[in-house]
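Engineer: Below are the structure tokens for one structure; questions will follow.
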Number of protein chains: 2
Amino acid sequence: MSYISNKGSLLKRVETELSIASTEDKNLALKKVSESLEEYRSYILESNRKDIEIAEKNNMKPGLIDRLKLDNDRLDGIIEGINNIIELPDPIWKSDKVWTIENGLTISKMTVPLGVIGIVYESRPNVTVDAFSLALKSGNCIMLRGSSSAIHSNKALVKAIKEGLKASNLSEEVVQFIEEKDRKYVNEMLKANKYLDLIIPRGGKGLIDFIVENSSVPVLETGIGNCHIYVDEEADLEKALNIVNNAKTQRVGVCNACEKLLVHEAVADKFLPMIFEKLHKIVEIRGCKKTREIIKVEEAKESDWKEEYLDYIIAVKVVKDIDEGIEHVNTYGSKHSEAIITENLTNSQMFLRKVDASAVYVNASTRFTDGGEFGFGAEMGISTQKIHARGPVGLEQLVSYKYLVIGEGQIRK
Amino acid sequence: MSYISNKGSLLKRVETELSIASTEDKNLALKKVSESLEEYRSYILESNRKDIEIAEKNNMKPGLIDRLKLDNDRLDGIIEGINNIIELPDPIWKSDKVWTIENGLTISKMTVPLGVIGIVYESRPNVTVDAFSLALKSGNCIMLRGSSSAIHSNKALVKAIKEGLKASNLSEEVVQFIEEKDRKYVNEMLKANKYLDLIIPRGGKGLIDFIVENSSVPVLETGIGNCHIYVDEEADLEKALNIVNNAKTQRVGVCNACEKLLVHEAVADKFLPMIFEKLHKIVEIRGCKKTREIIKVEEAKESDWKEEYLDYIIAVKVVKDIDEGIEHVNTYGSKHSEAIITENLTNSQMFLRKVDASAVYVNASTRFTDGGEFGFGAEMGISTQKIHARGPVGLEQLVSYKYLVIGEGQIRK
């Protein structure tokens with residue numbers, strides 16, 4: 001039996017038990033895990049230092065090293081995250097649809113866990129704990145495959161998780177960590193339909209594209225955000241200025257940050273100098289031909305319209321009308337978060353209806369597309385695909401359902 | 001541009017228009033299509049005769065020829081199917097969740113079409129019309145790839161559909177038919193993530209497995225049913241007999257038919273002779289060792305437990321308790337439809353909770369897992385996967401959703 005099959009079998013063996021675990025038992029397990037992380041604090045930080053040392057030796061970029069790093073504050077945050085998940089409602093074995101058909105059969109559509117979720121992720125060791133906690137609370141077993149650069153941190157975190165589970169009423173086997181570094185084990189996970197019900201990639205575009213391309217296990221695509229703000233001819237330009245500034249600069253390395261600005265030509269002469277004034281000292285502005293006739297900025301190339309910068313860069317295009325704006329968004333957007341700034345009702349409705357994205361905004365910053373902001377409490381990522389779950393993936397999105405059909409001997413005629 | 005890319009681009013061009021089409025326009029289009037099928041009746045039947053002649057020349061099995069065949073009655077059924085879909089509620093742009101977050105942003109979760117659906121199907125030409133009608137009513141464009149054995153029938157049906165659309169307010173381009181016979185075009189569809197949001201295979205296990213294994217477009221797996229009935233020690237045996245007989249023999253070639261019978265050892269001595277008496281004249285019974293100590297039947301091999309017979313065959317296993325029954329179902333079942341026959345409340349609840357399938361029954365025939373029977377009106381197939389949609393896939397399952405976020409200038413702090 002291969003390494004992945006072996007881990008998969010261990011998960012399958014405890015899948016049913018976890019799927020019917022009581023909320024009390026799941027919350028107790030999470031509590032024990034949070035206590036265990038506290039007990040293992042110095043061991044976890046020490047293990048993380050090993051990863052950091054290796055990363056520095058390998059000349060990893062400072063930004064990436066920062067992502068990898070754990071300290072007391074960050075570990076506090078991780079532990080607090082678990083405690084937040086304990087407070088959230090259990091999404092399992094609930095129904096909003098029960099009906100009776102003509103022959104008297106009663107059908108109930110009940111939420112159930114997905115089963116076993118595989119996560120393939122890069123860098124940040126907090127994902128190890130976050131993903132585990134969300135999976136456990138939603139009754140799902142989990143197979144974790146982190147980055148090899150975080151291997152010591154992740155092993156220590158998983159050890160603490162398993163020790164916590166041992167002190168609970170649930171099996172420590174509900175989480176399996178793939179320690180082997182070889183990339184071939186990722187490939188094996190992608191074909192493990194027998195063991196995995198879903199794979200979630202968390203990382204850069206390269207990782208996500210590789211997994212979508214090669215997985216026969218269903219994939220939940222997350223995280224790429226090439227988000228636009230369209231400033232309509234009937235926009236309140238002060239509002240627009242504030243919103244673009246916030247969506248671009250409040251935090252640049254996140255998927256719901258604004259990457260592109262589309263401006264109706266009727267307000268371009270007025271609005272572009274305002275935005276230039278506001279942003280140019282900290283943001284590199286690139287513009288289309290018409291933009292560059294109004295403000296002095298670098299040229300935006302075709303590739304700019306497709307790119308997710310995750311940086312202090314914005315590309316600006318002047319459009320002749322809302323239709324061109326919508327078409328641009330639907331052509332180049334990543335179906336994540338898109339906004340219109342307008343005071344015109346018809347235009348706002350047209351944008352809401354025609355733009356194809358997980359979240360479509362009127363007069364607000366795109367930065368709100370987030371499980372926490374939406375009130376989901378925590379999230380596994382932001383889905384940019386249309387099947388299963390779209391937008392923030394919280395506990396309620398980590399479920400499937402089944403129909404219970406209760407009869408008294410009914411047969412089909 | 002390749003053949004598939006070209007067809008995909010045509011669909012993408014009209015996707016937004018169809019996604020916001022009014023119910024009135026969609027219903028008018030369906031009405032015009034049903035009238036057009038009536039007008040093209042003799043052309044369609046004539047084209048079908050060509051397919052039948054070729055199939056006969058190629059010595060196709062009579063059962064398959066029957067599936068391929070159209071006649072006046074079957075065409076009446078197809079046309080009636082469209083009229084039924086006209087009567088169903090439009091699933092698009094509806095919400096059961098609108099809420100306001102602390103800063104005053106109002107968020108509405110609205111249903112939207114998936115976008116473009118690809119269907120790869122075998123034989124039955126009625127799928128051409130059924131799949132198109134369900135897709136159109138749910139605002140989805142569709143790329144159809146039927147069997148080469150039905151090519152003349154499908155071309156005629158698509159011609160009639162497009163003529164109907166020309167007389168409507170919607171574009172005839174919302175449906176694209178893949179005429180090219182080469183299998184490579186299926187492979188190209190499976191990688192067409194740029195154009196397709198979902199692929200639904202309809203056909204045998206070979207086709208479905210091939211598509212799951214090779215598609216990078218999300219797949220909705222449908223149709224394999226290795227369904228069990230477990231007769232508990234506290235079953236009403238008359239009820240059990242009736243239900244097993246119905247689920248096995250009412251129609252054998254369907255995915256919700258019963259393929260396996262599990263009997264608690266405490267009632268095996270009494271129940272097995274009853275079932276033998278009822279079934280043995282028309283059903284081949286295969287049994288485990290213990291079964292064969294009670295009734296004289298052929299031996300069931302390991303492969304029997306996995307197989308979907310779609311025939312007058314049933315395999316019987318005696319189990320020592322409900323736990324063994326549930327474990328057998330979860331090991332060998334296809335997660336389609338599973339039933340327990342019992343008068344015991346605890347056992348019924350345990351079975352409902354622990355069995356992992358799209359529909360779990362107590363004291364009723366598995367034959368009810370069906371969009372029509374469930375009250376969905378019509379179905380695209382029965383999903384046996386856990387993500388997106390499970391069980392009968394009707395109009396309400398052919399949707400995605402998006403969040404509308406309405407503000408007055410809110411920015412993130």
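Naming scheme: A, B, ... for chains in displayed order of the structure tokens; residues 1 onward per chain; ligands 1 onward as shown.
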Excluding Asn72 in chain B and its own-chain neighbours fewer than 6 positions away, which residues fall within 10 Å of it when counting only C-alpha atoms? Please give them as a list in words.
Structural biologist: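 In the requested format, the answer is Arg41, Ser42, Leu45 and Ile78 of chain B.
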Engineer: Show which residues sit within 12 Å of Gly375 in chain A, as a compact mmCIF listing (two decimals) with C-alpha atoms, in the first residue's frame. Count only C-alpha atoms, and ignore same-chain residues fewer than 6 positions away.
Structural biologist:
# COMPACT_ATOMS: atom_id res chain seq x y z
CA LEU A 88 -19.52 28.99 15.78
CA PRO A 89 -22.71 26.96 15.17
CA PHE A 368 -15.06 43.12 2.44
CA THR A 369 -15.08 39.77 0.61
CA PRO A 392 -15.88 32.99 1.30
CA VAL A 393 -15.79 29.29 2.24
CA GLY A 394 -16.84 28.98 5.88
CA LEU A 395 -18.22 26.05 7.86
CA GLU A 396 -21.54 26.15 5.99
CA TRP B 99 -28.45 40.16 5.79
CA THR B 100 -26.83 43.39 6.95
CA ILE B 101 -23.43 43.56 8.64
CA GLU B 102 -22.43 45.99 11.37
CA ASN B 103 -21.16 48.75 9.12
CA LEU B 105 -23.49 46.85 4.14
CA THR B 106 -26.40 44.71 2.93
CA ILE B 107 -25.42 41.35 1.47
Engineer: May I have a table of the residues of chain A lying at most 6 Å from chain B, giving each one's closest pair of atoms and their distance in Å to one decimal, counting only C-alpha atoms, ordered by chain and ascending residue number, as a tab-separated table?
Structural biologist:
residue	atom	partner	partner_atom	distance
A:Val212	CA	B:Ser216	CA	5.8
A:Glu213	CA	B:Ser216	CA	5.1
A:Ser216	CA	B:Glu213	CA	5.0
A:Lys239	CA	B:Gly409	CA	5.6
A:Ile243	CA	B:Ile411	CA	6.0
A:Ser358	CA	B:Lys402	CA	4.8
A:Ala359	CA	B:Tyr403	CA	4.6
A:Val360	CA	B:Leu404	CA	5.1
A:Tyr361	CA	B:Val405	CA	4.7
A:Val362	CA	B:Ile406	CA	5.0
A:Asn363	CA	B:Gly409	CA	5.0
A:Ala364	CA	B:Gln410	CA	4.8
A:Ser365	CA	B:Ile411	CA	5.1
A:Lys386	CA	B:Ser400	CA	5.6
A:Ile387	CA	B:His388	CA	5.7
A:His388	CA	B:His388	CA	3.6
A:Ser400	CA	B:Lys386	CA	5.6
A:Lys402	CA	B:Ser358	CA	4.8
A:Tyr403	CA	B:Ala359	CA	4.6
A:Leu404	CA	B:Val360	CA	5.1
A:Val405	CA	B:Tyr361	CA	4.7
A:Ile406	CA	B:Val362	CA	5.0
A:Gly407	CA	B:Asn363	CA	5.1
A:Glu408	CA	B:Asn363	CA	5.4
A:Gly409	CA	B:Ala364	CA	4.9
A:Gln410	CA	B:Ala364	CA	4.8
A:Ile411	CA	B:Ser365	CA	5.1
Engineer: Just the residues within 12 Å of Asn48 in chain A, please, counting only C-alpha atoms, with nothing from its chain fewer than 5 positions along; format it as a PyMOL selection string.
Structural biologist: chain A and resi 41-43+53-55+65-72+74-75+123-126+149-157
Engineer: Keeping C-alpha atoms, export the residues of the selection given above as a PDB file, in the first residue's frame.
Structural biologist:
ATOM      1  CA  ARG A  41       4.352  26.553  22.606  1.00  0.00           C
ATOM      2  CA  SER A  42       8.120  26.515  23.081  1.00  0.00           C
ATOM      3  CA  TYR A  43       8.539  23.323  21.033  1.00  0.00           C
ATOM      4  CA  GLU A  53      17.255  29.218   9.670  1.00  0.00           C
ATOM      5  CA  ILE A  54      17.054  26.930   6.652  1.00  0.00           C
ATOM      6  CA  ALA A  55      15.063  29.534   4.741  1.00  0.00           C
ATOM      7  CA  ILE A  65      10.316  34.466   5.510  1.00  0.00           C
ATOM      8  CA  ASP A  66       7.852  36.761   7.240  1.00  0.00           C
ATOM      9  CA  ARG A  67       4.983  34.543   6.074  1.00  0.00           C
ATOM     10  CA  LEU A  68       6.771  31.488   7.441  1.00  0.00           C
ATOM     11  CA  LYS A  69       7.582  33.002  10.806  1.00  0.00           C
ATOM     12  CA  LEU A  70       5.772  32.174  14.057  1.00  0.00           C
ATOM     13  CA  ASP A  71       6.171  34.124  17.280  1.00  0.00           C
ATOM     14  CA  ASN A  72       4.223  34.327  20.525  1.00  0.00           C
ATOM     15  CA  ARG A  74       1.059  34.787  15.999  1.00  0.00           C
ATOM     16  CA  LEU A  75       0.647  31.607  18.023  1.00  0.00           C
ATOM     17  CA  SER A 123       4.311  28.570   3.440  1.00  0.00           C
ATOM     18  CA  ARG A 124       2.122  29.954   6.274  1.00  0.00           C
ATOM     19  CA  PRO A 125       2.058  27.359   9.078  1.00  0.00           C
ATOM     20  CA  ASN A 126      -1.141  28.824  10.557  1.00  0.00           C
ATOM     21  CA  SER A 149       9.928  25.038   3.817  1.00  0.00           C
ATOM     22  CA  ALA A 150       7.555  24.842   6.800  1.00  0.00           C
ATOM     23  CA  ILE A 151       8.068  21.155   7.508  1.00  0.00           C
ATOM     24  CA  HIS A 152       9.442  21.497  11.056  1.00  0.00           C
ATOM     25  CA  SER A 153       6.782  23.998  12.092  1.00  0.00           C
ATOM     26  CA  ASN A 154       3.988  21.903  10.601  1.00  0.00           C
ATOM     27  CA  LYS A 155       5.229  18.681  12.184  1.00  0.00           C
ATOM     28  CA  ALA A 156       5.305  20.356  15.597  1.00  0.00           C
ATOM     29  CA  LEU A 157       1.826  21.820  15.098  1.00  0.00           C
TER      30      LEU A 157
END
Engineer: Quick one: residues within 7 Å of range 140-148 of chain B, only C-alpha atoms counted, chain neighbours fewer than 2 positions away excluded, as a short mmCIF file (atom, residue, chain, number, x, y, z; two decimals) with N, CA and C atoms, in the first residue's frame?
Structural biologist:
data_model
loop_
_atom_site.label_atom_id
_atom_site.label_comp_id
_atom_site.auth_asym_id
_atom_site.auth_seq_id
_atom_site.Cartn_x
_atom_site.Cartn_y
_atom_site.Cartn_z
N LEU B 11 -20.57 30.33 -27.39
CA LEU B 11 -21.37 30.22 -26.17
C LEU B 11 -21.05 31.36 -25.21
N GLU B 15 -23.46 34.13 -23.24
CA GLU B 15 -23.66 33.65 -21.86
C GLU B 15 -24.34 34.71 -20.97
N LEU B 18 -28.07 35.33 -21.84
CA LEU B 18 -28.97 34.27 -21.37
C LEU B 18 -29.09 34.28 -19.84
N SER B 19 -27.98 34.65 -19.19
CA SER B 19 -27.99 34.59 -17.71
C SER B 19 -28.98 35.58 -17.11
N PRO B 113 -27.03 31.50 -13.00
CA PRO B 113 -26.72 30.28 -13.75
C PRO B 113 -25.25 29.87 -13.54
N LEU B 114 -24.96 28.61 -13.80
CA LEU B 114 -23.57 28.16 -13.74
C LEU B 114 -22.75 28.80 -14.85
N GLY B 115 -23.37 29.02 -16.01
CA GLY B 115 -22.67 29.62 -17.14
C GLY B 115 -22.82 28.76 -18.37
N VAL B 116 -21.80 27.96 -18.65
CA VAL B 116 -21.85 27.06 -19.81
C VAL B 116 -21.64 25.64 -19.32
N ILE B 117 -22.59 24.77 -19.64
CA ILE B 117 -22.52 23.36 -19.23
C ILE B 117 -22.19 22.51 -20.46
N GLY B 118 -21.28 21.58 -20.30
CA GLY B 118 -20.99 20.61 -21.36
C GLY B 118 -21.60 19.27 -20.98
N ILE B 119 -22.27 18.63 -21.94
CA ILE B 119 -22.85 17.31 -21.67
C ILE B 119 -22.25 16.32 -22.65
N VAL B 120 -21.72 15.23 -22.14
CA VAL B 120 -21.21 14.16 -23.00
C VAL B 120 -22.08 12.94 -22.72
N TYR B 121 -22.80 12.46 -23.75
CA TYR B 121 -23.79 11.42 -23.50
C TYR B 121 -23.78 10.35 -24.56
N GLU B 122 -24.37 9.22 -24.17
CA GLU B 122 -24.39 8.06 -25.05
C GLU B 122 -25.81 7.81 -25.54
N SER B 123 -25.91 7.35 -26.74
CA SER B 123 -27.14 6.78 -27.28
C SER B 123 -28.37 7.67 -27.27
N PHE B 132 -30.89 20.32 -23.11
CA PHE B 132 -31.01 21.69 -23.61
C PHE B 132 -32.10 22.46 -22.85
N ALA B 135 -31.14 23.26 -19.26
CA ALA B 135 -30.09 24.28 -19.25
C ALA B 135 -30.70 25.64 -19.55
N LEU B 136 -31.52 25.72 -20.59
CA LEU B 136 -32.07 27.01 -20.98
C LEU B 136 -32.92 27.61 -19.87
N SER B 138 -32.70 27.21 -16.78
CA SER B 138 -31.86 27.67 -15.67
C SER B 138 -30.81 28.69 -16.13
N ALA B 150 -25.86 8.19 -32.76
CA ALA B 150 -27.12 8.95 -32.83
C ALA B 150 -26.94 10.25 -33.61
N ILE B 151 -25.88 10.31 -34.40
CA ILE B 151 -25.50 11.59 -35.01
C ILE B 151 -26.59 12.20 -35.89
N VAL B 174 -27.10 29.82 -28.04
CA VAL B 174 -27.01 29.33 -26.67
C VAL B 174 -26.83 27.82 -26.60
N VAL B 175 -27.08 27.14 -27.72
CA VAL B 175 -26.80 25.70 -27.78
C VAL B 175 -25.81 25.44 -28.92
N GLN B 176 -24.79 24.67 -28.62
CA GLN B 176 -23.80 24.29 -29.64
C GLN B 176 -23.67 22.77 -29.63
N PHE B 177 -23.76 22.20 -30.83
CA PHE B 177 -23.70 20.74 -30.95
C PHE B 177 -22.35 20.35 -31.57
N ILE B 178 -21.67 19.41 -30.96
CA ILE B 178 -20.38 18.95 -31.48
C ILE B 178 -20.64 17.83 -32.49
N LYS B 181 -17.05 13.56 -35.05
CA LYS B 181 -17.14 12.26 -34.36
C LYS B 181 -15.89 11.91 -33.56
#
